[in-house]
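Next comes entry12.cif, a file with mmCIF, C-alpha atoms.
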data_upload
loop_
_atom_site.label_atom_id
_atom_site.label_comp_id
_atom_site.auth_asym_id
_atom_site.auth_seq_id
_atom_site.Cartn_x
_atom_site.Cartn_y
_atom_site.Cartn_z
CA MET A 1 107.06 43.82 110.44
CA LEU A 2 107.93 46.86 108.32
CA ASP A 3 107.50 50.30 109.83
CA LEU A 4 106.32 51.88 106.57
CA LEU A 5 104.19 54.57 108.21
CA ALA A 6 107.21 56.31 109.74
CA PHE A 7 108.80 56.86 106.32
CA PRO A 8 107.87 59.37 103.61
CA ASP A 9 106.49 58.17 100.27
CA HIS A 10 109.72 59.04 98.42
CA SER A 11 111.83 56.75 100.65
CA ARG A 12 114.12 54.39 98.75
CA VAL A 13 113.22 50.69 98.71
CA TRP A 14 115.23 47.58 97.89
CA ILE A 15 113.51 44.21 97.61
CA TYR A 16 115.40 40.93 97.61
CA SER A 17 113.43 37.83 96.59
CA SER A 18 114.40 34.41 97.85
CA ASP A 19 114.59 31.45 95.50
CA GLN A 20 112.67 29.37 98.03
CA GLU A 21 110.36 29.80 100.99
CA ILE A 22 112.12 30.61 104.23
CA PRO A 23 110.80 28.39 107.05
CA ASP A 24 108.66 30.06 109.71
CA HIS A 25 111.08 29.10 112.48
CA SER A 26 113.87 31.14 110.80
CA ILE A 27 111.83 34.32 110.34
CA PRO A 28 112.26 35.87 113.83
CA GLU A 29 116.04 35.51 113.75
CA ILE A 30 116.27 36.90 110.21
CA HIS A 31 113.97 39.79 111.11
CA GLN A 32 116.09 40.65 114.16
CA GLY A 33 119.20 40.62 111.96
CA ILE A 34 117.56 42.93 109.43
CA GLN A 35 116.46 45.34 112.16
CA ALA A 36 119.97 45.38 113.67
CA PHE A 37 121.51 45.98 110.26
CA ALA A 38 119.09 48.84 109.47
CA LYS A 39 119.71 50.46 112.86
CA ASN A 40 123.50 50.43 112.32
CA TRP A 41 123.56 51.07 108.54
CA LEU A 42 125.91 53.95 107.72
CA SER A 43 126.64 56.11 104.72
CA HIS A 44 129.80 58.20 104.74
CA GLY A 45 130.13 57.64 108.48
CA SER A 46 126.63 58.87 109.33
CA GLY A 47 123.64 56.74 110.23
CA LEU A 48 120.84 56.18 107.77
CA LYS A 49 117.19 56.42 108.77
CA ALA A 50 116.39 52.88 107.73
CA THR A 51 114.21 49.92 108.49
CA GLY A 52 113.59 46.54 106.98
CA GLY A 53 111.81 43.28 107.36
CA ILE A 54 110.90 40.00 105.79
CA LEU A 55 107.54 39.57 104.08
CA HIS A 56 105.65 36.46 103.02
CA ASN A 57 108.66 34.24 103.91
CA TYR A 58 110.26 35.19 100.56
CA PHE A 59 111.11 38.89 100.49
CA ILE A 60 113.59 41.01 102.38
CA VAL A 61 112.69 44.68 102.13
CA LEU A 62 115.03 47.52 103.09
CA LEU A 63 113.76 51.09 103.30
CA VAL A 64 115.76 54.34 103.65
CA ASP A 65 114.56 57.92 104.09
CA GLU A 66 117.01 59.68 101.77
CA ILE A 67 116.16 63.17 103.06
CA SER A 68 118.24 62.85 106.21
CA ASN A 69 121.16 60.96 104.60
CA LYS A 70 121.48 59.32 101.19
CA PRO A 71 123.06 55.88 100.94
CA GLY A 72 126.21 55.95 98.84
CA GLY A 73 127.79 53.21 96.78
CA CYS A 74 129.73 51.74 99.70
CA SER A 75 126.67 51.62 101.95
CA ILE A 76 124.63 49.94 99.21
CA ASP A 77 127.47 47.41 98.75
CA THR A 78 127.33 46.79 102.50
CA SER A 79 123.61 46.03 102.27
CA VAL A 80 124.19 43.60 99.39
CA LYS A 81 126.86 41.79 101.40
CA PHE A 82 124.47 41.65 104.34
CA ILE A 83 121.76 40.06 102.18
CA GLN A 84 124.32 37.60 100.78
CA SER A 85 125.31 36.64 104.33
CA ILE A 86 121.67 35.87 105.18
CA GLY A 87 121.45 33.75 102.04
CA GLU A 88 124.58 31.82 102.97
CA LYS A 89 123.45 31.27 106.56
CA TYR A 90 119.99 30.02 105.58
CA ASN A 91 120.97 28.35 102.30
CA VAL A 92 118.78 30.54 100.08
CA ASN A 93 119.60 32.74 97.10
CA PHE A 94 118.32 36.31 97.07
CA PHE A 95 119.95 37.11 93.72
CA ASN A 96 118.39 34.65 91.25
CA ARG A 97 116.59 37.09 88.96
CA ARG A 98 115.08 34.27 86.88
CA ILE A 99 112.65 33.22 89.60
CA PHE A 100 109.44 35.22 89.93
CA HIS A 101 106.78 35.18 92.60
CA TYR A 102 103.03 35.43 92.34
CA ILE A 103 99.96 34.76 94.45
CA GLU A 104 97.76 31.73 94.00
CA ASN A 105 95.00 30.84 96.46
CA GLU A 106 96.38 33.44 98.89
CA MET A 107 99.80 31.75 98.90
CA VAL A 108 103.07 32.94 97.38
CA LYS A 109 104.26 30.69 94.57
CA SER A 110 107.50 30.73 92.61
CA ILE A 111 107.98 30.24 88.91
CA GLU A 112 111.08 30.15 86.76
CA GLN A 113 111.21 32.61 83.87
CA GLU A 114 111.47 29.75 81.37
CA LYS A 115 108.15 28.33 82.56
CA LEU A 116 106.07 31.52 82.31
CA LYS A 117 104.72 30.90 78.81
CA GLN A 118 104.04 27.22 79.42
CA SER A 119 102.26 28.03 82.69
CA LEU A 120 100.13 30.66 80.97
CA ASP A 121 99.29 28.32 78.10
CA SER A 122 98.30 25.55 80.51
CA ASN A 123 96.26 27.94 82.71
CA LEU A 124 98.43 27.48 85.81
CA ILE A 125 98.63 31.27 85.73
CA ASN A 126 96.50 33.74 83.82
CA GLU A 127 96.40 37.42 82.87
CA GLU A 128 94.94 38.28 86.29
CA SER A 129 97.53 36.36 88.33
CA LEU A 130 99.15 38.81 90.75
CA PHE A 131 102.93 39.03 90.36
CA PHE A 132 105.32 40.68 92.81
CA ASP A 133 107.55 43.38 91.36
CA PRO A 134 110.90 43.42 93.20
CA LEU A 135 112.02 46.34 91.02
CA VAL A 136 109.86 48.98 92.72
CA ASP A 137 112.27 51.50 94.20
CA THR A 138 110.25 53.89 96.37
CA LYS A 139 107.78 53.46 99.20
CA ILE A 140 104.88 54.82 97.16
CA LYS A 141 105.64 52.45 94.27
CA PHE A 142 105.95 49.63 96.78
CA ILE A 143 102.51 50.41 98.19
CA GLN A 144 100.85 50.93 94.81
CA HIS A 145 102.67 48.56 92.46
CA TRP A 146 104.42 45.77 94.35
CA LEU A 147 101.61 43.43 93.24
CA ASN A 148 100.33 43.67 89.68
CA PRO A 149 98.20 41.46 87.46
CA LEU A 150 100.37 39.69 84.90
CA LYS A 151 98.69 41.68 82.11
CA ASP A 152 100.01 44.93 83.68
CA SER A 153 103.37 43.61 84.80
CA TRP A 154 106.79 43.74 83.15
CA HIS A 155 106.80 39.94 83.53
CA LYS A 156 104.37 39.77 80.60
CA LYS A 157 107.11 40.99 78.24
CA LEU A 158 109.07 37.82 79.01
CA ILE A 159 106.39 35.52 77.61
#

Write the structure described by the file as structure tokens, please.
Amino acid sequence: MLDLLAFPDHSRVWIYSSDQEIPDHSIPEIHQGIQAFAKNWLSHGSGLKATGGILHNYFIVLLVDEISNKPGGCSIDTSVKFIQSIGEKYNVNFFNRRIFHYIENEMVKSIEQEKLKQSLDSNLINEESLFFDPLVDTKIKFIQHWLNPLKDSWHKKLI
């Protein structure tokens, strides 16, 4: 769904995490909307080399090659408004930073920040549980560090 290979490692990445799973039947329409947005995304009147997609039914990822044209403040605001419009249309929130995602039995699970310690203490999660890091900001970081064991993740500091 994401054309990562066509973009250099230094490309800028934005990841928006949903507060709930997006149903499979909504994914194609959302993906088409993301692709249309990326194709027409402008900065200072010039097109950006951009792509995007939806991963694991929870994450919208936008990617921009900043060599050809850097996104400015207005173009980033436009992308935020676009993500908000998807959230409104599909009744999901992509801006709740207190919900984290991890993998359990090959499935993406969500956990509220307030429940991290309790979940660790009760062994619902452990030091090796793989947590998604929506704060990675380049393609290479996305590839290498989007998933990290809790013990190596910034999430651990919140416990």

Q: Run the PyMOL selection byres ((chain A and resi 12) around 9) mentally over the shown coordinates, then write out the matched residues as a ChimeraX atom specification, using the chain letters and numbers from the document.
A: /A:9-11,13-14,62-66,137-139

Those selected residues, please, written with C-alpha atoms and delivered as an mmCIF file, in the frame of the given file.
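part.cif, freshly written:
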data_model
loop_
_atom_site.group_PDB
_atom_site.id
_atom_site.type_symbol
_atom_site.label_atom_id
_atom_site.label_comp_id
_atom_site.auth_asym_id
_atom_site.auth_seq_id
_atom_site.Cartn_x
_atom_site.Cartn_y
_atom_site.Cartn_z
ATOM 1 C CA ASP A 9 106.490 58.170 100.270
ATOM 2 C CA HIS A 10 109.720 59.040 98.420
ATOM 3 C CA SER A 11 111.830 56.750 100.650
ATOM 4 C CA VAL A 13 113.220 50.690 98.710
ATOM 5 C CA TRP A 14 115.230 47.580 97.890
ATOM 6 C CA LEU A 62 115.030 47.520 103.090
ATOM 7 C CA LEU A 63 113.760 51.090 103.300
ATOM 8 C CA VAL A 64 115.760 54.340 103.650
ATOM 9 C CA ASP A 65 114.560 57.920 104.090
ATOM 10 C CA GLU A 66 117.010 59.680 101.770
ATOM 11 C CA ASP A 137 112.270 51.500 94.200
ATOM 12 C CA THR A 138 110.250 53.890 96.370
ATOM 13 C CA LYS A 139 107.780 53.460 99.200
#

request  = Convert the output of the PyMOL selection byres ((chain A and resi 84-101) around 9) on the shown file into explicit residues, formatted as a VMD selection string.
outcome  = chain A and resid 16 to 22 26 30 33 58 to 60 79 to 83 102 to 103 108 to 114 130 to 134 155

Restricted to C-alpha atoms, what would the selected residues look like written as an mmCIF file, in the coordinates of the input?
data_model
loop_
_atom_site.group_PDB
_atom_site.id
_atom_site.type_symbol
_atom_site.label_atom_id
_atom_site.label_comp_id
_atom_site.auth_asym_id
_atom_site.auth_seq_id
_atom_site.Cartn_x
_atom_site.Cartn_y
_atom_site.Cartn_z
ATOM 1 C CA TYR A 16 115.400 40.930 97.610
ATOM 2 C CA SER A 17 113.430 37.830 96.590
ATOM 3 C CA SER A 18 114.400 34.410 97.850
ATOM 4 C CA ASP A 19 114.590 31.450 95.500
ATOM 5 C CA GLN A 20 112.670 29.370 98.030
ATOM 6 C CA GLU A 21 110.360 29.800 100.990
ATOM 7 C CA ILE A 22 112.120 30.610 104.230
ATOM 8 C CA SER A 26 113.870 31.140 110.800
ATOM 9 C CA ILE A 30 116.270 36.900 110.210
ATOM 10 C CA GLY A 33 119.200 40.620 111.960
ATOM 11 C CA TYR A 58 110.260 35.190 100.560
ATOM 12 C CA PHE A 59 111.110 38.890 100.490
ATOM 13 C CA ILE A 60 113.590 41.010 102.380
ATOM 14 C CA SER A 79 123.610 46.030 102.270
ATOM 15 C CA VAL A 80 124.190 43.600 99.390
ATOM 16 C CA LYS A 81 126.860 41.790 101.400
ATOM 17 C CA PHE A 82 124.470 41.650 104.340
ATOM 18 C CA ILE A 83 121.760 40.060 102.180
ATOM 19 C CA TYR A 102 103.030 35.430 92.340
ATOM 20 C CA ILE A 103 99.960 34.760 94.450
ATOM 21 C CA VAL A 108 103.070 32.940 97.380
ATOM 22 C CA LYS A 109 104.260 30.690 94.570
ATOM 23 C CA SER A 110 107.500 30.730 92.610
ATOM 24 C CA ILE A 111 107.980 30.240 88.910
ATOM 25 C CA GLU A 112 111.080 30.150 86.760
ATOM 26 C CA GLN A 113 111.210 32.610 83.870
ATOM 27 C CA GLU A 114 111.470 29.750 81.370
ATOM 28 C CA LEU A 130 99.150 38.810 90.750
ATOM 29 C CA PHE A 131 102.930 39.030 90.360
ATOM 30 C CA PHE A 132 105.320 40.680 92.810
ATOM 31 C CA ASP A 133 107.550 43.380 91.360
ATOM 32 C CA PRO A 134 110.900 43.420 93.200
ATOM 33 C CA HIS A 155 106.800 39.940 83.530
#

Subject >> Who sits within 12 Å of stretch 43-50 of chain A, only C-alpha atoms, same chain under 2 positions skipped, as a ChimeraX atom specification >> reply: /A:2-4,6-8,11-14,34-41,52-53,61-79

If you count all atoms listed in the file, the residue of A:His56, A:Lys141, A:Pro149, A:Val136 closest to A:Glu106 turns out to be A:His56

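Nearest to A:His25 of all the residues A:Met107, A:Lys117, A:Asn57, A:Ser153 is A:Asn57, based on all atoms listed in the file.
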
Ranking A:Ile143, A:Leu135, A:Ile159, A:Leu5 by minimum distance to A:Leu120 and counting only C-alpha atoms, which one comes first?
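Closest candidate: A:Ile159.
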
(message) Just the number, please: distance in Å from atom CA of A:Ile125 to atom CA of A:Trp146, one decimal.
(response)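 Computing it gives 17.8 Å between the two atoms.
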
- Could you tell me how far atom CA of A:Leu124 lies from atom CA of A:Leu147, in Å and to one decimal?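 So the two atoms, atom CA of A:Leu124 and atom CA of A:Leu147, lie 17.9 Å apart.
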
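As for atom CA of A:Glu104 and atom CA of A:Asn126, they are spaced 10.5 Å apart.
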